[in-house]
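Everything below belongs to run_7.pdb, which stores PDB, C-alpha atoms.
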```pdb
ATOM      1  CA  MET K 192     101.430  83.331 125.443  1.00  0.00           C
ATOM      2  CA  VAL K 193     102.877  81.192 122.707  1.00  0.00           C
ATOM      3  CA  GLU K 194     105.172  78.199 122.615  1.00  0.00           C
ATOM      4  CA  TYR K 195     108.567  78.560 120.990  1.00  0.00           C
ATOM      5  CA  LYS K 196     109.825  75.154 119.937  1.00  0.00           C
ATOM      6  CA  TYR K 197     112.939  74.213 118.056  1.00  0.00           C
ATOM      7  CA  GLY K 198     114.179  70.645 118.060  1.00  0.00           C
ATOM      8  CA  ASP K 199     113.866  69.271 121.594  1.00  0.00           C
ATOM      9  CA  PHE K 200     113.847  72.765 123.123  1.00  0.00           C
ATOM     10  CA  SER K 201     110.622  74.520 123.994  1.00  0.00           C
ATOM     11  CA  ALA K 202     109.703  77.581 126.015  1.00  0.00           C
ATOM     12  CA  ILE K 203     106.485  79.446 126.663  1.00  0.00           C
ATOM     13  CA  ILE K 204     106.867  83.053 125.597  1.00  0.00           C
ATOM     14  CA  ASP K 205     104.688  85.821 126.969  1.00  0.00           C
ATOM     15  CA  ASN K 206     105.183  88.737 124.617  1.00  0.00           C
ATOM     16  CA  THR K 207     103.468  90.987 127.159  1.00  0.00           C
ATOM     17  CA  ASP K 208     105.956  90.165 129.926  1.00  0.00           C
ATOM     18  CA  ALA K 209     107.872  93.435 130.255  1.00  0.00           C
ATOM     19  CA  GLU K 210     111.104  91.784 131.435  1.00  0.00           C
ATOM     20  CA  PHE K 211     111.140  89.225 128.627  1.00  0.00           C
ATOM     21  CA  VAL K 212     110.288  91.829 125.975  1.00  0.00           C
ATOM     22  CA  GLU K 213     113.028  94.093 127.323  1.00  0.00           C
ATOM     23  CA  LYS K 214     115.550  91.225 127.081  1.00  0.00           C
ATOM     24  CA  PHE K 215     114.310  90.474 123.555  1.00  0.00           C
ATOM     25  CA  GLU K 216     114.738  94.128 122.537  1.00  0.00           C
ATOM     26  CA  GLN K 217     118.225  94.322 124.054  1.00  0.00           C
ATOM     27  CA  ALA K 218     119.270  91.041 122.433  1.00  0.00           C
ATOM     28  CA  GLY K 219     117.940  92.316 119.106  1.00  0.00           C
ATOM     29  CA  GLU K 220     119.936  95.533 119.391  1.00  0.00           C
ATOM     30  CA  VAL K 221     123.143  93.630 120.137  1.00  0.00           C
ATOM     31  CA  TYR K 222     122.408  91.188 117.305  1.00  0.00           C
ATOM     32  CA  ASN K 223     121.791  94.020 114.813  1.00  0.00           C
ATOM     33  CA  ASP K 224     124.997  95.781 115.830  1.00  0.00           C
ATOM     34  CA  GLU K 225     127.120  92.645 115.597  1.00  0.00           C
ATOM     35  CA  ILE K 226     125.608  90.998 112.513  1.00  0.00           C
ATOM     36  CA  GLY K 227     126.531  94.082 110.499  1.00  0.00           C
ATOM     37  CA  LYS K 228     130.182  93.390 111.310  1.00  0.00           C
ATOM     38  CA  ILE K 229     130.367  89.996 109.591  1.00  0.00           C
ATOM     39  CA  PRO K 230     133.786  89.826 107.964  1.00  0.00           C
ATOM     40  CA  VAL K 231     133.504  90.511 104.241  1.00  0.00           C
ATOM     41  CA  VAL K 232     136.778  88.824 103.443  1.00  0.00           C
ATOM     42  CA  GLY K 233     138.168  85.676 104.944  1.00  0.00           C
ATOM     43  CA  LYS K 234     137.267  82.048 105.195  1.00  0.00           C
ATOM     44  CA  GLU K 235     133.635  80.944 105.009  1.00  0.00           C
ATOM     45  CA  SER K 236     134.083  78.959 108.221  1.00  0.00           C
ATOM     46  CA  GLU K 237     135.013  82.189 110.041  1.00  0.00           C
ATOM     47  CA  LYS K 238     131.884  83.923 108.725  1.00  0.00           C
ATOM     48  CA  ILE K 239     129.699  80.999 109.789  1.00  0.00           C
ATOM     49  CA  ARG K 240     131.243  80.945 113.271  1.00  0.00           C
ATOM     50  CA  TYR K 241     130.628  84.690 113.555  1.00  0.00           C
ATOM     51  CA  ILE K 242     126.931  84.194 112.712  1.00  0.00           C
ATOM     52  CA  ILE K 243     126.717  81.291 115.164  1.00  0.00           C
ATOM     53  CA  ASP K 244     128.172  83.494 117.895  1.00  0.00           C
ATOM     54  CA  CYS K 245     125.716  86.322 117.166  1.00  0.00           C
ATOM     55  CA  VAL K 246     122.687  84.037 117.273  1.00  0.00           C
ATOM     56  CA  ASP K 247     123.900  82.127 120.333  1.00  0.00           C
ATOM     57  CA  LYS K 248     124.167  85.419 122.255  1.00  0.00           C
ATOM     58  CA  VAL K 249     120.477  86.077 121.594  1.00  0.00           C
ATOM     59  CA  PHE K 250     119.439  82.671 122.921  1.00  0.00           C
ATOM     60  CA  VAL K 251     121.727  82.969 125.964  1.00  0.00           C
ATOM     61  CA  THR K 252     120.238  86.378 126.797  1.00  0.00           C
ATOM     62  CA  LEU K 253     116.675  85.074 126.526  1.00  0.00           C
ATOM     63  CA  PHE K 254     116.866  81.503 127.786  1.00  0.00           C
ATOM     64  CA  GLY K 255     120.110  81.147 129.765  1.00  0.00           C
ATOM     65  CA  ALA K 256     123.696  80.013 129.284  1.00  0.00           C
ATOM     66  CA  ASP K 257     122.782  76.454 128.353  1.00  0.00           C
ATOM     67  CA  ALA K 258     120.252  77.448 125.661  1.00  0.00           C
ATOM     68  CA  PRO K 259     122.550  76.880 122.623  1.00  0.00           C
ATOM     69  CA  LYS K 260     123.381  73.389 123.869  1.00  0.00           C
ATOM     70  CA  LYS K 261     119.684  72.603 124.426  1.00  0.00           C
ATOM     71  CA  LEU K 262     118.740  74.027 121.034  1.00  0.00           C
ATOM     72  CA  PHE K 263     121.560  72.734 118.856  1.00  0.00           C
ATOM     73  CA  GLY K 264     123.414  70.058 120.801  1.00  0.00           C
ATOM     74  CA  ASP K 265     127.005  69.869 119.576  1.00  0.00           C
ATOM     75  CA  SER K 266     126.136  71.102 116.086  1.00  0.00           C
ATOM     76  CA  GLN K 267     127.950  74.109 114.705  1.00  0.00           C
ATOM     77  CA  SER K 268     125.453  74.608 111.897  1.00  0.00           C
ATOM     78  CA  GLY K 269     124.864  78.159 110.777  1.00  0.00           C
ATOM     79  CA  GLN K 270     121.683  77.031 109.023  1.00  0.00           C
ATOM     80  CA  MET K 271     120.219  75.635 112.239  1.00  0.00           C
ATOM     81  CA  ARG K 272     121.023  78.891 114.056  1.00  0.00           C
ATOM     82  CA  THR K 273     119.433  81.108 111.433  1.00  0.00           C
ATOM     83  CA  ASP K 274     116.343  78.863 111.212  1.00  0.00           C
ATOM     84  CA  ALA K 275     115.916  78.926 114.997  1.00  0.00           C
ATOM     85  CA  PHE K 276     116.483  82.683 115.133  1.00  0.00           C
ATOM     86  CA  ILE K 277     113.928  83.441 112.407  1.00  0.00           C
ATOM     87  CA  LYS K 278     111.422  81.146 114.108  1.00  0.00           C
ATOM     88  CA  LEU K 279     111.978  83.009 117.398  1.00  0.00           C
ATOM     89  CA  VAL K 280     111.347  86.405 115.788  1.00  0.00           C
ATOM     90  CA  ASN K 281     108.211  85.107 114.053  1.00  0.00           C
ATOM     91  CA  THR K 282     106.997  83.568 117.325  1.00  0.00           C
ATOM     92  CA  MET K 283     107.401  86.889 119.140  1.00  0.00           C
ATOM     93  CA  ARG K 284     105.409  88.637 116.433  1.00  0.00           C
ATOM     94  CA  SER K 285     102.710  85.968 116.123  1.00  0.00           C
ATOM     95  CA  ASP K 286     100.656  86.579 119.261  1.00  0.00           C
ATOM     96  CA  LYS K 287      99.128  89.950 118.481  1.00  0.00           C
ATOM     97  CA  SER K 288      95.984  89.136 120.475  1.00  0.00           C
ATOM     98  CA  ALA K 289      97.911  89.367 123.749  1.00  0.00           C
ATOM     99  CA  LEU K 290      99.317  92.778 122.844  1.00  0.00           C
ATOM    100  CA  ASN K 291      95.882  93.909 121.712  1.00  0.00           C
ATOM    101  CA  ASN K 292      94.419  92.814 125.064  1.00  0.00           C
ATOM    102  CA  VAL K 293      96.999  94.896 126.923  1.00  0.00           C
ATOM    103  CA  GLN K 294      96.223  97.927 124.760  1.00  0.00           C
ATOM    104  CA  ASN K 295      92.479  97.388 125.210  1.00  0.00           C
ATOM    105  CA  ALA K 296      92.956  97.340 128.975  1.00  0.00           C
ATOM    106  CA  VAL K 297      94.843 100.626 128.785  1.00  0.00           C
ATOM    107  CA  ASN K 298      92.049 102.198 126.744  1.00  0.00           C
ATOM    108  CA  ALA K 299      89.214 100.613 128.725  1.00  0.00           C
ATOM    109  CA  TRP K 300      89.196 102.999 131.657  1.00  0.00           C
ATOM    110  CA  ASN K 301      88.539 106.227 129.797  1.00  0.00           C
ATOM    111  CA  GLY K 302      90.161 105.889 126.411  1.00  0.00           C
ATOM    112  CA  ASN K 303      93.346 107.635 125.548  1.00  0.00           C
ATOM    113  CA  ARG K 304      94.452 111.030 126.829  1.00  0.00           C
ATOM    114  CA  ALA K 305      93.152 112.927 123.815  1.00  0.00           C
ATOM    115  CA  GLN K 306      89.728 111.329 124.219  1.00  0.00           C
ATOM    116  CA  ARG K 307      89.615 112.232 127.929  1.00  0.00           C
ATOM    117  CA  ARG K 308      90.547 115.866 127.178  1.00  0.00           C
ATOM    118  CA  HIS K 309      87.866 116.040 124.510  1.00  0.00           C
ATOM    119  CA  GLN K 310      85.264 114.534 126.851  1.00  0.00           C
ATOM    120  CA  GLY K 311      86.257 116.953 129.616  1.00  0.00           C
ATOM    121  CA  LYS K 312      85.845 119.958 127.353  1.00  0.00           C
ATOM    122  CA  HIS K 313      82.552 118.796 125.874  1.00  0.00           C
ATOM    123  CA  LYS K 314      80.537 117.544 128.839  1.00  0.00           C
ATOM    124  CA  ASN K 315      76.813 117.503 128.159  1.00  0.00           C
ATOM    125  CA  GLY K 316      77.405 118.805 124.655  1.00  0.00           C
ATOM    126  CA  ALA K 317      78.547 122.256 125.869  1.00  0.00           C
ATOM    127  CA  HIS K 318      82.061 123.478 125.349  1.00  0.00           C
ATOM    128  CA  GLN K 319      83.738 124.195 128.722  1.00  0.00           C
ATOM    129  CA  LYS K 320      86.347 126.910 129.088  1.00  0.00           C
TER     130      LYS K 320
END
```

Could the structure of this file be written out as structure tokens, please?
Amino acid sequence: MVEYKYGDFSAIIDNTDAEFVEKFEQAGEVYNDEIGKIPVVGKESEKIRYIIDCVDKVFVTLFGADAPKKLFGDSQSGQMRTDAFIKLVNTMRSDKSALNNVQNAVNAWNGNRAQRRHQGKHKNGAHQK
């Protein structure tokens, strides 16, 4: 588990919690779909508001409807949103030890499937048919 902190907002993130990771993946998919639709032409303020909306949706999905208010107050800063978003992604990726522990637990019983098949065929050094 790691702490995600931005401004006065903080949350403990467990990047092995299946529900949270699923929400993170879904939010990322929506973000990727929508961020590619940023208007190419138009006013800069419209582009910034579009980015703000995309990032806010991620935080709402992960931390609840009041997350943007807790994170950014009344600010409509695109820079704050992108900083907070990048920090979130880096935080999710930072705790590799937890993911490694989960994988080690999976492998601990008898290794992976290929290893078990190999061991089953080669018991006591003799090839079994």

Query raised in the report: Written as number ranges by chain, what is the full residue list that the PyMOL selection byres ((chain K and resi 225) around 12) yields on the file shown?
Result: K: 218-224, 226-230, 241-249

Requested in this report: Determine the residue set returned by the PyMOL selection byres ((chain K and resi 196) around 10) for the present structure, and present it as a PyMOL selection string.
Outcome: chain K and resi 193-195+197-203+262+275+278-279+282

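The nearest approach to K:Glu235 among the residues K:Val251, K:Gly269, K:Ile277, K:Ser285, with all atoms listed in the file taken into account, belongs to K:Gly269.
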
Report task. Grab the atom CA of K:Thr273 to atom CA of K:Pro259 distance for me, in Å with one decimal place. Result ->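 Atom CA of K:Pro259 lies 12.4 Å from atom CA of K:Thr273.
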
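The closest residue to K:Gly255, picked from K:Met283, K:Ala209, K:Lys214, K:Gln267 and counting all atoms listed in the file, is K:Lys214.
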
First collect every listed atom of stretch 258-270 of chain K; then fit an axis-aligned box around them, widen it by 4 Å on each side, and give centre and edge lengths in Å to one decimal, as AutoDock Vina command-line options.
```
--center_x 123.3 --center_y 74.0 --center_z 117.3 --size_x 17.2 --size_y 16.3 --size_z 24.6
```

Query raised in the report: What gap, in Å, lies between atom CA of K:Lys234 and atom CA of K:Ser268?
Result: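 Taking atom CA of K:Lys234 as the start and atom CA of K:Ser268 as the end point, the length is 15.5 Å.
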
Requested in this report: Could you check how far atom CA of K:Lys238 sits from atom CA of K:Asp257, in Å to one decimal?
Outcome: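 Separation between atom CA of K:Lys238 and atom CA of K:Asp257: 22.9 Å.
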
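Once the PyMOL selection byres ((chain K and resi 208) around 12) is applied to the depicted file, the selected set reads Met192, Val193, Ile203, Ile204, Asp205, Asn206, Thr207, Ala209, Glu210, Phe211, Val212, Glu213, Lys214, Phe215, Met283, Ala289, Leu290 and Val293 of chain K.
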